[in-house]
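S.K.: Provided herewith: protein_20.cif, mmCIF, C-alpha atoms.
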data_upload
#
loop_
_atom_site.label_atom_id
_atom_site.label_comp_id
_atom_site.auth_asym_id
_atom_site.auth_seq_id
_atom_site.Cartn_x
_atom_site.Cartn_y
_atom_site.Cartn_z
CA MET N 145 53.78 112.19 140.91
CA LYS N 146 55.60 114.82 142.97
CA ILE N 147 58.70 112.64 143.15
CA LYS N 148 58.69 112.16 139.37
CA LEU N 149 58.30 115.92 138.85
CA ILE N 150 61.18 116.66 141.24
CA LEU N 151 63.41 114.13 139.50
CA LYS N 152 62.48 115.57 136.11
CA TRP N 153 63.38 119.12 137.13
CA LEU N 154 66.56 117.87 138.84
CA ALA N 155 67.67 116.12 135.64
CA ARG N 156 66.98 119.27 133.60
CA THR N 157 68.93 121.40 136.07
CA ILE N 158 71.92 119.06 135.91
CA LEU N 159 71.77 119.05 132.10
CA VAL N 160 71.66 122.85 131.94
CA GLY N 161 74.55 123.02 134.40
CA LEU N 162 76.63 120.66 132.28
CA VAL N 163 75.89 122.64 129.12
CA LEU N 164 76.85 125.91 130.82
CA ALA N 165 80.04 124.36 132.19
CA PHE N 166 80.93 123.15 128.70
CA LEU N 167 80.30 126.59 127.21
CA VAL N 168 82.36 128.31 129.90
CA GLY N 169 85.19 125.85 129.39
CA PHE N 170 84.99 126.24 125.61
CA VAL N 171 85.19 130.03 125.83
CA ALA N 172 88.00 129.85 128.40
CA TYR N 173 89.90 127.47 126.14
CA TRP N 174 89.84 129.73 123.11
CA ARG N 175 90.43 132.92 125.08
CA SER N 176 93.41 131.53 126.98
CA THR N 177 96.50 133.51 126.10
CA ASN N 178 99.97 134.44 127.35
CA GLU N 179 102.64 137.10 126.90
CA CYS N 180 103.89 135.42 123.73
CA ASP N 181 100.85 136.72 121.86
CA PRO N 182 101.24 139.60 119.39
CA ASN N 183 101.20 143.25 120.43
CA THR N 184 102.95 142.68 123.76
CA GLY N 185 105.72 145.08 122.73
CA SER N 186 109.49 144.80 122.76
CA PRO N 187 111.32 144.78 126.10
CA THR N 188 112.98 148.07 127.07
CA ASN N 189 115.65 146.33 129.17
CA PRO N 190 115.98 142.89 127.57
CA MET N 191 117.44 139.65 128.81
CA LYS N 192 117.44 136.16 127.33
CA ALA N 193 115.07 133.54 128.70
CA VAL N 194 113.65 130.18 127.65
CA LEU N 195 109.94 130.36 126.82
CA HIS N 196 107.30 127.85 125.82
CA CYS N 197 104.41 129.67 124.18
CA GLU N 198 102.58 126.47 123.25
CA TYR N 199 102.21 123.03 124.75
CA GLY N 200 104.36 120.31 123.25
CA GLY N 201 107.71 118.57 123.47
CA PRO N 202 111.15 120.20 123.85
CA GLU N 203 110.83 121.50 120.29
CA VAL N 204 108.40 124.23 121.49
CA LEU N 205 111.10 125.84 123.64
CA LYS N 206 112.64 129.05 122.35
CA VAL N 207 115.24 131.47 123.67
CA GLU N 208 113.66 134.93 123.45
CA GLU N 209 114.31 138.41 124.75
CA VAL N 210 112.04 139.39 127.64
CA GLU N 211 112.00 142.25 130.12
CA LYS N 212 114.73 142.04 132.73
CA PRO N 213 113.09 141.85 136.18
CA VAL N 214 113.44 144.63 138.75
CA PRO N 215 113.58 143.59 142.42
CA ASN N 216 111.09 145.04 144.88
CA ASP N 217 112.06 146.11 148.39
CA ASN N 218 112.18 142.51 149.68
CA GLN N 219 113.85 140.84 146.70
CA VAL N 220 117.29 140.28 145.29
CA LEU N 221 118.18 140.27 141.60
CA VAL N 222 120.37 137.30 140.73
CA LYS N 223 122.47 136.97 137.59
CA VAL N 224 122.02 133.27 136.80
CA ARG N 225 125.28 131.43 136.14
CA ALA N 226 123.82 127.90 135.99
CA ALA N 227 120.45 126.15 136.16
CA ALA N 228 119.33 122.51 136.26
CA VAL N 229 116.54 120.62 134.53
CA ASN N 230 113.99 118.51 136.40
CA PRO N 231 111.12 116.19 135.45
CA LEU N 232 108.87 119.08 136.53
CA ASP N 233 110.01 120.97 133.43
CA LEU N 234 108.38 118.33 131.22
CA THR N 235 104.97 119.79 132.10
CA ILE N 236 105.53 121.72 128.86
CA ARG N 237 103.71 118.81 127.23
CA GLY N 238 100.51 120.02 128.90
CA LEU N 239 98.92 116.91 130.39
CA LEU N 240 95.15 117.28 130.09
CA LEU N 241 94.56 116.67 133.80
CA LEU N 242 96.80 119.65 134.66
CA ARG N 243 95.51 122.13 132.08
CA PRO N 244 92.75 123.61 134.27
CA LEU N 245 95.62 124.88 136.43
CA SER N 246 98.34 125.52 133.88
CA GLY N 247 96.17 126.93 131.07
CA LEU N 248 93.58 125.25 128.87
CA ARG N 249 94.82 126.06 125.38
CA LYS N 250 98.14 127.71 126.08
CA PRO N 251 100.39 127.70 129.15
CA LYS N 252 99.67 130.60 131.50
CA ASP N 253 103.26 130.66 132.71
CA THR N 254 105.59 130.56 129.73
CA ARG N 255 108.81 130.62 131.75
CA LEU N 256 110.65 127.42 132.58
CA GLY N 257 113.14 126.10 135.11
CA VAL N 258 113.37 126.18 138.91
CA ASP N 259 116.91 125.33 140.08
CA TYR N 260 119.52 128.08 139.74
CA ALA N 261 122.81 129.37 141.07
CA GLY N 262 124.30 132.78 140.43
CA THR N 263 125.56 136.12 141.70
CA VAL N 264 123.51 138.78 143.46
CA GLU N 265 123.46 141.92 141.31
CA THR N 266 121.19 144.25 143.30
CA VAL N 267 119.12 144.01 146.49
CA GLY N 268 115.91 145.67 147.66
CA LYS N 269 116.10 148.35 150.35
CA ASN N 270 114.69 146.00 153.03
CA VAL N 271 117.17 143.20 152.33
CA THR N 272 119.97 142.81 154.86
CA SER N 273 120.87 139.13 154.45
CA PHE N 274 122.47 139.51 151.01
CA LYS N 275 124.63 142.05 149.23
CA PRO N 276 125.75 142.57 145.63
CA GLY N 277 128.42 140.04 144.68
CA ASP N 278 127.15 137.25 146.95
CA GLU N 279 127.12 133.83 145.31
CA VAL N 280 123.78 132.13 145.95
CA PHE N 281 121.61 129.21 144.88
CA GLY N 282 117.94 128.37 145.25
CA GLY N 283 114.64 127.69 143.56
CA LYS N 284 112.54 130.10 141.51
CA THR N 285 110.18 129.58 138.57
CA GLY N 286 111.74 130.98 135.41
CA ALA N 287 115.30 129.98 136.24
CA PHE N 288 116.20 129.29 132.60
CA ALA N 289 117.07 132.94 132.09
CA GLU N 290 119.90 135.41 132.49
CA TYR N 291 118.30 136.92 135.61
CA VAL N 292 115.75 136.02 138.28
CA CYS N 293 114.18 138.06 141.08
CA VAL N 294 113.75 136.13 144.33
CA LEU N 295 112.39 136.96 147.78
CA ALA N 296 115.33 137.19 150.16
CA ASP N 297 113.57 135.29 152.95
CA ARG N 298 112.52 132.33 150.80
CA ALA N 299 114.40 129.50 149.08
CA VAL N 300 117.71 131.28 148.42
CA VAL N 301 120.92 130.82 150.43
CA LEU N 302 124.64 131.46 150.07
CA LYS N 303 126.49 129.02 147.83
CA PRO N 304 129.27 127.07 149.55
CA ALA N 305 132.62 128.40 148.37
CA ASN N 306 133.89 124.87 147.72
CA ARG N 307 131.17 124.13 145.13
CA THR N 308 130.83 125.39 141.57
CA PHE N 309 127.77 127.19 140.23
CA GLU N 310 126.90 124.08 138.22
CA GLN N 311 127.06 121.88 141.32
CA ALA N 312 124.98 124.27 143.42
CA ALA N 313 122.37 124.69 140.68
CA SER N 314 121.84 120.93 140.58
CA VAL N 315 120.83 120.79 144.24
CA PRO N 316 117.49 122.50 145.05
CA VAL N 317 114.63 120.34 143.73
CA ALA N 318 116.36 116.95 143.74
CA ALA N 319 118.22 117.27 147.03
CA ILE N 320 115.32 118.78 148.95
CA THR N 321 113.13 115.92 147.67
CA ALA N 322 115.66 113.42 149.03
CA LEU N 323 116.15 115.25 152.33
CA GLN N 324 112.47 115.68 153.17
CA GLY N 325 111.60 112.17 152.01
CA LEU N 326 114.27 110.48 154.11
CA ARG N 327 114.18 112.72 157.18
CA ASP N 328 110.57 113.86 157.48
CA LYS N 329 108.62 111.00 155.88
CA GLY N 330 111.03 108.11 156.37
CA LYS N 331 112.01 109.12 159.93
CA ILE N 332 115.58 108.04 159.18
CA GLN N 333 117.74 107.20 162.19
CA PRO N 334 121.44 106.34 162.70
CA GLY N 335 122.20 102.62 162.39
CA GLN N 336 119.21 101.82 160.21
CA LYS N 337 119.42 99.77 157.03
CA VAL N 338 118.20 101.90 154.11
CA LEU N 339 117.53 100.79 150.53
CA ILE N 340 117.34 103.34 147.71
CA ASN N 341 115.68 102.07 144.53
CA GLY N 342 116.87 104.31 141.70
CA ALA N 343 120.15 105.31 143.32
CA SER N 344 121.88 106.68 140.20
CA GLY N 345 119.35 109.34 139.15
CA GLY N 346 119.03 112.99 140.06
CA VAL N 347 117.24 112.45 143.36
CA GLY N 348 118.84 109.05 143.98
CA THR N 349 122.44 110.28 144.00
CA PHE N 350 121.51 112.85 146.63
CA ALA N 351 119.48 110.29 148.60
CA VAL N 352 122.46 107.92 148.89
CA GLN N 353 124.70 110.67 150.27
CA ILE N 354 122.09 112.21 152.58
CA ALA N 355 121.20 108.80 154.00
CA LYS N 356 124.90 108.17 154.70
CA SER N 357 125.15 111.55 156.44
CA PHE N 358 122.59 110.26 158.96
CA GLY N 359 124.87 107.34 159.83
CA THR N 360 122.88 104.60 158.12
CA GLU N 361 123.87 101.49 156.16
CA VAL N 362 122.86 102.22 152.57
CA THR N 363 122.05 99.80 149.76
CA GLY N 364 121.63 101.33 146.32
CA VAL N 365 119.77 99.72 143.42
CA CYS N 366 120.80 100.64 139.87
CA SER N 367 121.78 99.21 136.48
CA THR N 368 125.12 97.60 135.63
CA ARG N 369 126.66 100.73 134.13
CA ASN N 370 125.97 102.75 137.31
CA VAL N 371 127.22 100.30 139.93
CA ASP N 372 130.63 101.98 140.28
CA LEU N 373 129.04 105.44 140.44
CA VAL N 374 126.66 104.51 143.24
CA ARG N 375 129.46 102.85 145.18
CA SER N 376 131.68 105.90 144.71
CA ILE N 377 129.16 108.24 146.36
CA GLY N 378 129.03 106.17 149.54
CA ALA N 379 126.65 103.23 149.16
CA ASP N 380 127.71 100.33 151.40
CA HIS N 381 126.08 97.80 149.09
CA VAL N 382 124.98 98.03 145.46
CA ILE N 383 122.42 95.76 143.78
CA ASP N 384 122.42 95.49 140.00
CA TYR N 385 118.74 95.13 139.16
CA THR N 386 119.56 93.53 135.79
CA LYS N 387 121.07 90.58 137.69
CA GLU N 388 119.18 90.47 140.97
CA ASP N 389 115.71 91.35 142.27
CA PHE N 390 116.22 93.05 145.63
CA THR N 391 112.78 91.94 146.84
CA ASN N 392 113.91 88.31 146.65
CA GLY N 393 116.90 88.81 148.94
CA ALA N 394 117.21 87.80 152.58
CA GLN N 395 118.06 91.31 153.79
CA ARG N 396 115.40 93.30 155.64
CA TYR N 397 115.32 97.10 155.67
CA ASP N 398 114.07 99.74 158.08
CA LEU N 399 113.50 102.23 155.27
CA ILE N 400 112.98 101.94 151.52
CA PHE N 401 113.26 105.14 149.49
CA ASP N 402 111.63 104.09 146.23
CA LEU N 403 112.10 106.29 143.17
CA ILE N 404 111.03 103.63 140.68
CA GLY N 405 107.83 101.99 141.95
CA ASN N 406 108.38 98.82 139.92
CA HIS N 407 107.56 96.34 142.67
CA SER N 408 104.24 95.44 144.24
CA PHE N 409 103.03 96.28 147.71
CA SER N 410 103.50 92.68 148.90
CA GLU N 411 107.00 92.38 147.38
CA ARG N 412 108.24 95.47 149.20
CA ARG N 413 106.48 94.49 152.43
CA ARG N 414 108.41 91.24 152.39
CA ILE N 415 111.77 93.02 152.78
CA LEU N 416 110.59 95.69 155.23
CA ASN N 417 111.05 95.23 158.96
CA PRO N 418 107.79 95.01 160.96
CA ASN N 419 107.76 98.76 161.64
CA GLY N 420 109.52 99.71 158.43
CA ILE N 421 108.61 102.60 156.13
CA CYS N 422 108.56 102.74 152.35
CA VAL N 423 108.72 106.30 151.03
CA MET N 424 107.29 106.39 147.51
CA ALA N 425 109.15 109.20 145.76
CA GLY N 426 108.72 108.45 142.06
CA VAL N 427 107.70 106.02 139.34
CA GLY N 428 110.91 105.71 137.36
CA GLY N 429 112.69 108.52 135.59
CA ALA N 430 111.35 111.56 133.81
CA GLY N 431 108.62 111.84 131.22
CA TRP N 432 105.98 109.36 130.15
CA HIS N 433 107.02 105.73 129.72
CA ASP N 434 105.19 102.48 129.04
CA ASP N 435 104.87 101.50 132.71
CA PHE N 436 104.01 104.98 134.00
CA ALA N 437 100.27 104.44 134.53
CA LYS N 438 100.78 100.93 135.90
CA ARG N 439 103.37 102.07 138.42
CA LEU N 440 101.30 105.08 139.46
CA GLY N 441 98.33 102.79 140.07
CA GLY N 442 100.55 100.42 142.04
CA GLU N 443 101.77 103.20 144.29
CA LEU N 444 98.21 104.35 144.96
CA ASN N 445 97.26 100.78 145.83
CA ALA N 446 100.26 100.48 148.18
CA TYR N 447 99.32 103.72 149.92
CA VAL N 448 95.77 102.49 150.55
CA MET N 449 96.74 98.95 151.54
CA SER N 450 99.35 100.16 154.03
CA ARG N 451 96.54 101.73 156.09
CA PHE N 452 95.78 98.19 157.28
CA VAL N 453 99.27 96.97 158.22
CA ARG N 454 102.06 98.05 160.57
CA GLN N 455 104.47 98.91 157.79
CA LYS N 456 103.83 102.29 156.19
CA PHE N 457 103.91 103.31 152.55
CA ILE N 458 104.05 107.10 152.29
CA ALA N 459 103.77 109.50 149.36
CA TYR N 460 104.61 113.21 149.59
CA ILE N 461 105.36 116.43 147.73
CA ALA N 462 108.57 118.23 148.64
CA GLU N 463 108.37 121.92 149.55
CA PHE N 464 111.02 124.62 149.35
CA ASN N 465 112.00 126.40 152.55
CA LYS N 466 115.05 128.39 153.58
CA LYS N 467 115.90 126.18 156.56
CA ASP N 468 116.28 123.04 154.47
CA MET N 469 118.21 124.92 151.80
CA MET N 470 120.69 125.89 154.51
CA VAL N 471 120.92 122.25 155.60
CA LEU N 472 121.81 121.28 152.03
CA ALA N 473 124.38 124.08 151.83
CA ASP N 474 126.01 122.80 155.03
CA LEU N 475 126.08 119.23 153.70
CA MET N 476 127.88 120.44 150.58
CA GLN N 477 130.26 122.65 152.55
CA SER N 478 131.21 119.75 154.83
CA GLY N 479 131.80 117.42 151.89
CA LYS N 480 129.07 115.01 152.94
CA VAL N 481 127.17 115.73 149.71
CA THR N 482 128.83 116.19 146.33
CA PRO N 483 126.41 116.75 143.43
CA VAL N 484 126.76 114.32 140.52
CA ILE N 485 126.47 116.01 137.12
CA ASP N 486 125.92 113.91 134.03
CA LYS N 487 125.82 116.45 131.19
CA THR N 488 126.01 120.20 130.74
CA TYR N 489 124.31 122.25 128.02
CA LYS N 490 124.18 125.89 126.91
CA LEU N 491 121.03 127.99 127.34
CA ASN N 492 120.12 127.65 123.66
CA GLU N 493 120.54 123.87 124.01
CA THR N 494 117.84 123.60 126.68
CA PRO N 495 115.58 121.54 124.34
CA ASP N 496 118.41 119.01 123.97
CA ALA N 497 118.84 118.89 127.75
CA LEU N 498 115.16 118.08 128.22
CA ARG N 499 115.22 115.45 125.48
CA TYR N 500 118.11 113.76 127.24
CA LEU N 501 116.36 113.94 130.62
CA GLU N 502 113.18 112.54 129.10
CA GLN N 503 115.02 109.39 128.02
CA GLY N 504 115.19 108.46 131.70
CA HIS N 505 118.85 107.40 131.80
CA ALA N 506 120.56 110.46 133.28
CA ARG N 507 123.27 109.69 135.84
CA GLY N 508 122.80 112.39 138.45
CA LYS N 509 121.78 115.84 137.23
CA VAL N 510 121.58 117.62 133.86
CA VAL N 511 122.70 121.25 134.02
CA ILE N 512 122.37 124.41 131.90
CA ASN N 513 125.51 126.58 132.00
CA LEU N 514 124.73 130.21 131.18
CA GLU N 515 128.39 131.19 131.10
CA LYS N 516 129.15 129.12 127.98
#
Could the structure of this file be written out as structure tokens, please?
M.R.:
Amino acid sequence: MKIKLILKWLARTILVGLVLAFLVGFVAYWRSTNECDPNTGSPTNPMKAVLHCEYGGPEVLKVEEVEKPVPNDNQVLVKVRAAAVNPLDLTIRGLLLLRPLSGLRKPKDTRLGVDYAGTVETVGKNVTSFKPGDEVFGGKTGAFAEYVCVLADRAVVLKPANRTFEQAASVPVAAITALQGLRDKGKIQPGQKVLINGASGGVGTFAVQIAKSFGTEVTGVCSTRNVDLVRSIGADHVIDYTKEDFTNGAQRYDLIFDLIGNHSFSERRRILNPNGICVMAGVGGAGWHDDFAKRLGGELNAYVMSRFVRQKFIAYIAEFNKKDMMVLADLMQSGKVTPVIDKTYKLNETPDALRYLEQGHARGKVVINLEK
């Protein structure tokens, strides 16, 4: 009888807890707000920025006037000359699984964009590494705007003089993803045979060039229309996936950098050397597509299954840091990395830029030019 009583009270407690959780979530949902709401006032020192006040597709984006930021003692104020779009920006659609973090009913952070390049306008009193007039590039949330404030000791470095603002702006997210995936997770070494699946995209075009900078033999996988592009940026071999399945070939690789995830665990194992590594860096382009869930599930399965074999399948999340941004700047300065830009848009055309990115066929990077 005591056990039944305990179970009865336990069930009631769980039920009450669920009801309370629902009520809290319901209230939080309807109370969620952002600075787009009425009565926030007009900016006293305005600048233009891209905002998304609601969840939805690119159509929810608007160019509005917001308050121009003021740098604190450890920041620099950068006049943005160019910015680049990334799949990350498509979180404007508000996937339900992410809403507890990004805002239940409305997005908490209404600003968009990360990659930028521009000119330092003012610096905080503690900043000694930059001065007004310096040309810089880096990563900062809210980059689709005329100005951004960034911490001087974080992900901002001097722009190489031999690269344009558009080229530098295309680098941060995509190139740091390629660098950390190949170097830190893939343990890339000179003389290795490296295959890059998805070699013509934003991350892929950087991955080909960064892999070559390590002295490796690179094979790029892409569609027919991108074969010449991938070869032009340094790939030793190019496989047209519309004509050939690279997992059926005789070649074995020390490292696979997979941005597509369209092959099974066993298929990729077959072309990996006994101690080879497959770095799983994406599931094919930006936005939601028909195979998205299937590929994501396949990558999770590969990660688990690789725990039981010598070959390793590794997933990761890239992280900004100043040291790696300087590495990327040096690679551009030396000519070992040249950003590939597909299309350029104006700030008020940002929705069109995201629509194009979402189609999943961009060759290299898509850039916003704020000087147009």
S.K.: Counting all atoms listed in the file, which of N:Ile485, N:Ile340, N:Leu491, N:Ala462 gets nearest to N:Val207?
M.R.: N:Leu491
S.K.: Please provide the set of residues having any atom within 7 Å of stretch 331-334 of chain N, restricted to all atoms listed in the file, with same-chain residues fewer than 4 positions apart removed, written as JSON, numbers by chain.
M.R.: {"N": [326, 327, 358, 359, 360]}
S.K.: Write to file, as a compact mmCIF listing (two decimals), keeping the file's coordinate frame, the residues of the selection just made, with C-alpha atoms.
M.R.:
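Once written, part_9.txt looks like this:
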# COMPACT_ATOMS: atom_id res chain seq x y z
CA LEU N 326 114.27 110.48 154.11
CA ARG N 327 114.18 112.72 157.18
CA PHE N 358 122.59 110.26 158.96
CA GLY N 359 124.87 107.34 159.83
CA THR N 360 122.88 104.60 158.12
S.K.: What is the atom CA of N:Leu221 to atom CA of N:Val510 distance in Å?
M.R.: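 It comes out at 24.2 Å.
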S.K.: Looking at N:Glu443, N:Asp253, N:Glu208, N:Asp233, which one is nearest to N:Asn178, with distances taken over all atoms listed in the file?
M.R.: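 Counting all atoms listed in the file, the residue closest to N:Asn178 is N:Asp253.
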S.K.: Using all atoms listed in the file, can you list as a PyMOL selection string the residues within 10 Å of (120.7, 127.2, 134.2)?
M.R.: chain N and resi 224-229+257-262+286-290+309-310+313-314+488-491+494+510-515
S.K.: Hey, can you check how far atom CA of N:Ile354 sits from atom CA of N:Val317?
M.R.: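 Between atom CA of N:Ile354 and atom CA of N:Val317 the gap works out to 14.1 Å.
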S.K.: Within 9 Å of N:Lys269, counting only C-alpha atoms, which residues show up once you throw out same-chain ones fewer than 5 positions away? Write them as a PyMOL selection string, please.
M.R.: chain N and resi 216-219
S.K.: Residues of stretch 410-516 of chain N that approach stretch 377-388 of chain N to 10 Å or less, counting all atoms listed in the file: could you list each one with the shortest pair of atoms and its distance in Å to one decimal, rows by chain and increasing residue number, as CSV?
M.R.:
residue,atom,partner,partner_atom,distance
N:Lys480,CA,N:Ile377,CA,9.4
N:Val481,CA,N:Ile377,CA,8.4
N:Thr482,CA,N:Ile377,CA,8.0
N:Pro483,CA,N:Ile377,CA,9.4
N:Val484,CA,N:Ile377,CA,8.8
S.K.: For N:Val214, list every protein, DNA or RNA residue within 12 Å, evaluated using all atoms listed in the file, and leave out those in the same chain fewer than 5 positions away; present the list as a VMD selection string.
M.R.: chain N and resid 189 to 191 219 to 223 265 to 268 291 to 295
S.K.: Out of N:Lys212, N:Lys275, N:Arg255, N:Arg451, which residue has the shortest atom-to-atom distance to N:Pro187 when counting all atoms listed in the file?
M.R.: N:Lys212
S.K.: Taking into account all atoms listed in the file, which residue in the set N:Ile421, N:Tyr447, N:Arg298, N:Gly345 is nearest to N:Pro231?
M.R.: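 Result for the nearest residue to N:Pro231: N:Gly345.
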S.K.: Quick check, in Å to one decimal: how far apart do atom CA of N:Glu211 and atom CA of N:Asp496 lie?
M.R.: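 One can read the atom CA of N:Glu211 to atom CA of N:Asp496 distance as 24.9 Å.
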S.K.: Please determine, counting only C-alpha atoms, which residue among N:Pro316, N:Gly420, N:Pro304, N:Gly330 has the shortest atom-to-atom distance to N:Gly283.
M.R.: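 Nearest to N:Gly283: N:Pro316.
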S.K.: For N:Gln455, please output as a list of chain:residue names all residues within 12 Å (counting only C-alpha atoms; exclusion window: fewer than 5 positions along the same chain).
M.R.: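 So the residues in contact are N:Gly330, N:Tyr397, N:Asp398, N:Leu399, N:Ile400, N:Phe409, N:Ser410, N:Arg412, N:Arg413, N:Arg414, N:Ile415, N:Leu416, N:Asn417, N:Pro418, N:Asn419, N:Gly420, N:Ile421, N:Cys422, N:Val423, N:Ala446, N:Tyr447, N:Val448, N:Met449, N:Ser450.
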S.K.: Restricted to C-alpha atoms, what would the selected residues look like written as a PDB file, keeping the file's coordinate frame?
M.R.:
ATOM      1  CA  GLY N 330     111.030 108.110 156.370  1.00  0.00           C
ATOM      2  CA  TYR N 397     115.320  97.100 155.670  1.00  0.00           C
ATOM      3  CA  ASP N 398     114.070  99.740 158.080  1.00  0.00           C
ATOM      4  CA  LEU N 399     113.500 102.230 155.270  1.00  0.00           C
ATOM      5  CA  ILE N 400     112.980 101.940 151.520  1.00  0.00           C
ATOM      6  CA  PHE N 409     103.030  96.280 147.710  1.00  0.00           C
ATOM      7  CA  SER N 410     103.500  92.680 148.900  1.00  0.00           C
ATOM      8  CA  ARG N 412     108.240  95.470 149.200  1.00  0.00           C
ATOM      9  CA  ARG N 413     106.480  94.490 152.430  1.00  0.00           C
ATOM     10  CA  ARG N 414     108.410  91.240 152.390  1.00  0.00           C
ATOM     11  CA  ILE N 415     111.770  93.020 152.780  1.00  0.00           C
ATOM     12  CA  LEU N 416     110.590  95.690 155.230  1.00  0.00           C
ATOM     13  CA  ASN N 417     111.050  95.230 158.960  1.00  0.00           C
ATOM     14  CA  PRO N 418     107.790  95.010 160.960  1.00  0.00           C
ATOM     15  CA  ASN N 419     107.760  98.760 161.640  1.00  0.00           C
ATOM     16  CA  GLY N 420     109.520  99.710 158.430  1.00  0.00           C
ATOM     17  CA  ILE N 421     108.610 102.600 156.130  1.00  0.00           C
ATOM     18  CA  CYS N 422     108.560 102.740 152.350  1.00  0.00           C
ATOM     19  CA  VAL N 423     108.720 106.300 151.030  1.00  0.00           C
ATOM     20  CA  ALA N 446     100.260 100.480 148.180  1.00  0.00           C
ATOM     21  CA  TYR N 447      99.320 103.720 149.920  1.00  0.00           C
ATOM     22  CA  VAL N 448      95.770 102.490 150.550  1.00  0.00           C
ATOM     23  CA  MET N 449      96.740  98.950 151.540  1.00  0.00           C
ATOM     24  CA  SER N 450      99.350 100.160 154.030  1.00  0.00           C
TER      25      SER N 450
END
S.K.: Env of N:Asp297: 12 Å cut, atoms = all atoms listed in the file, seq-sep filter 5 positions within chain, self excluded. Answer as a PyMOL selection string.
M.R.: chain N and resi 217-220+268+270-274+282+464-467+469-470
S.K.: Spell out the residues picked by the PyMOL selection byres ((chain N and resi 320) around 9) here, as a PyMOL selection string.
M.R.: chain N and resi 315-319+321-325+347+350+462-464+468-469+472
S.K.: When distances are computed from only C-alpha atoms, which of N:Phe457, N:Tyr500, N:Phe452, N:Phe390 shows the smallest separation from N:Gly342?
M.R.: N:Phe390
S.K.: Which residues fall under the PyMOL selection byres ((chain N and resi 502) around 12) in this file, as a list in words?
M.R.: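 So the PyMOL selection byres ((chain N and resi 502) around 12) ends up selecting Gly201, Pro202, Val229, Asn230, Pro231, Leu232, Asp233, Leu234, Thr235, Ile236, Arg237, Gly428, Gly429, Ala430, Gly431, Trp432, His433, Pro495, Asp496, Ala497, Leu498, Arg499, Tyr500, Leu501, Gln503, Gly504, His505, Ala506 and Val510 of chain N.
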S.K.: When the PyMOL selection byres ((chain N and resi 344) around 9) is applied to the structure above, which residues does it catch, written out as a list in words?
M.R.: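 For this structure, the PyMOL selection byres ((chain N and resi 344) around 9) resolves to Asn341, Gly342, Ala343, Gly345, Gly346, Val347, Gly348, Thr349, Phe350, Val352, Gly364, Val365, Cys366, Ser367, Asn370, Val371, Leu373, Val374, His505, Ala506, Arg507 and Gly508 of chain N.
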S.K.: Save the residues we just selected, C-alpha atoms, as a PDB file, in the frame of the given file?
M.R.:
ATOM      1  CA  ASN N 341     115.680 102.070 144.530  1.00  0.00           C
ATOM      2  CA  GLY N 342     116.870 104.310 141.700  1.00  0.00           C
ATOM      3  CA  ALA N 343     120.150 105.310 143.320  1.00  0.00           C
ATOM      4  CA  GLY N 345     119.350 109.340 139.150  1.00  0.00           C
ATOM      5  CA  GLY N 346     119.030 112.990 140.060  1.00  0.00           C
ATOM      6  CA  VAL N 347     117.240 112.450 143.360  1.00  0.00           C
ATOM      7  CA  GLY N 348     118.840 109.050 143.980  1.00  0.00           C
ATOM      8  CA  THR N 349     122.440 110.280 144.000  1.00  0.00           C
ATOM      9  CA  PHE N 350     121.510 112.850 146.630  1.00  0.00           C
ATOM     10  CA  VAL N 352     122.460 107.920 148.890  1.00  0.00           C
ATOM     11  CA  GLY N 364     121.630 101.330 146.320  1.00  0.00           C
ATOM     12  CA  VAL N 365     119.770  99.720 143.420  1.00  0.00           C
ATOM     13  CA  CYS N 366     120.800 100.640 139.870  1.00  0.00           C
ATOM     14  CA  SER N 367     121.780  99.210 136.480  1.00  0.00           C
ATOM     15  CA  ASN N 370     125.970 102.750 137.310  1.00  0.00           C
ATOM     16  CA  VAL N 371     127.220 100.300 139.930  1.00  0.00           C
ATOM     17  CA  LEU N 373     129.040 105.440 140.440  1.00  0.00           C
ATOM     18  CA  VAL N 374     126.660 104.510 143.240  1.00  0.00           C
ATOM     19  CA  HIS N 505     118.850 107.400 131.800  1.00  0.00           C
ATOM     20  CA  ALA N 506     120.560 110.460 133.280  1.00  0.00           C
ATOM     21  CA  ARG N 507     123.270 109.690 135.840  1.00  0.00           C
ATOM     22  CA  GLY N 508     122.800 112.390 138.450  1.00  0.00           C
TER      23      GLY N 508
END
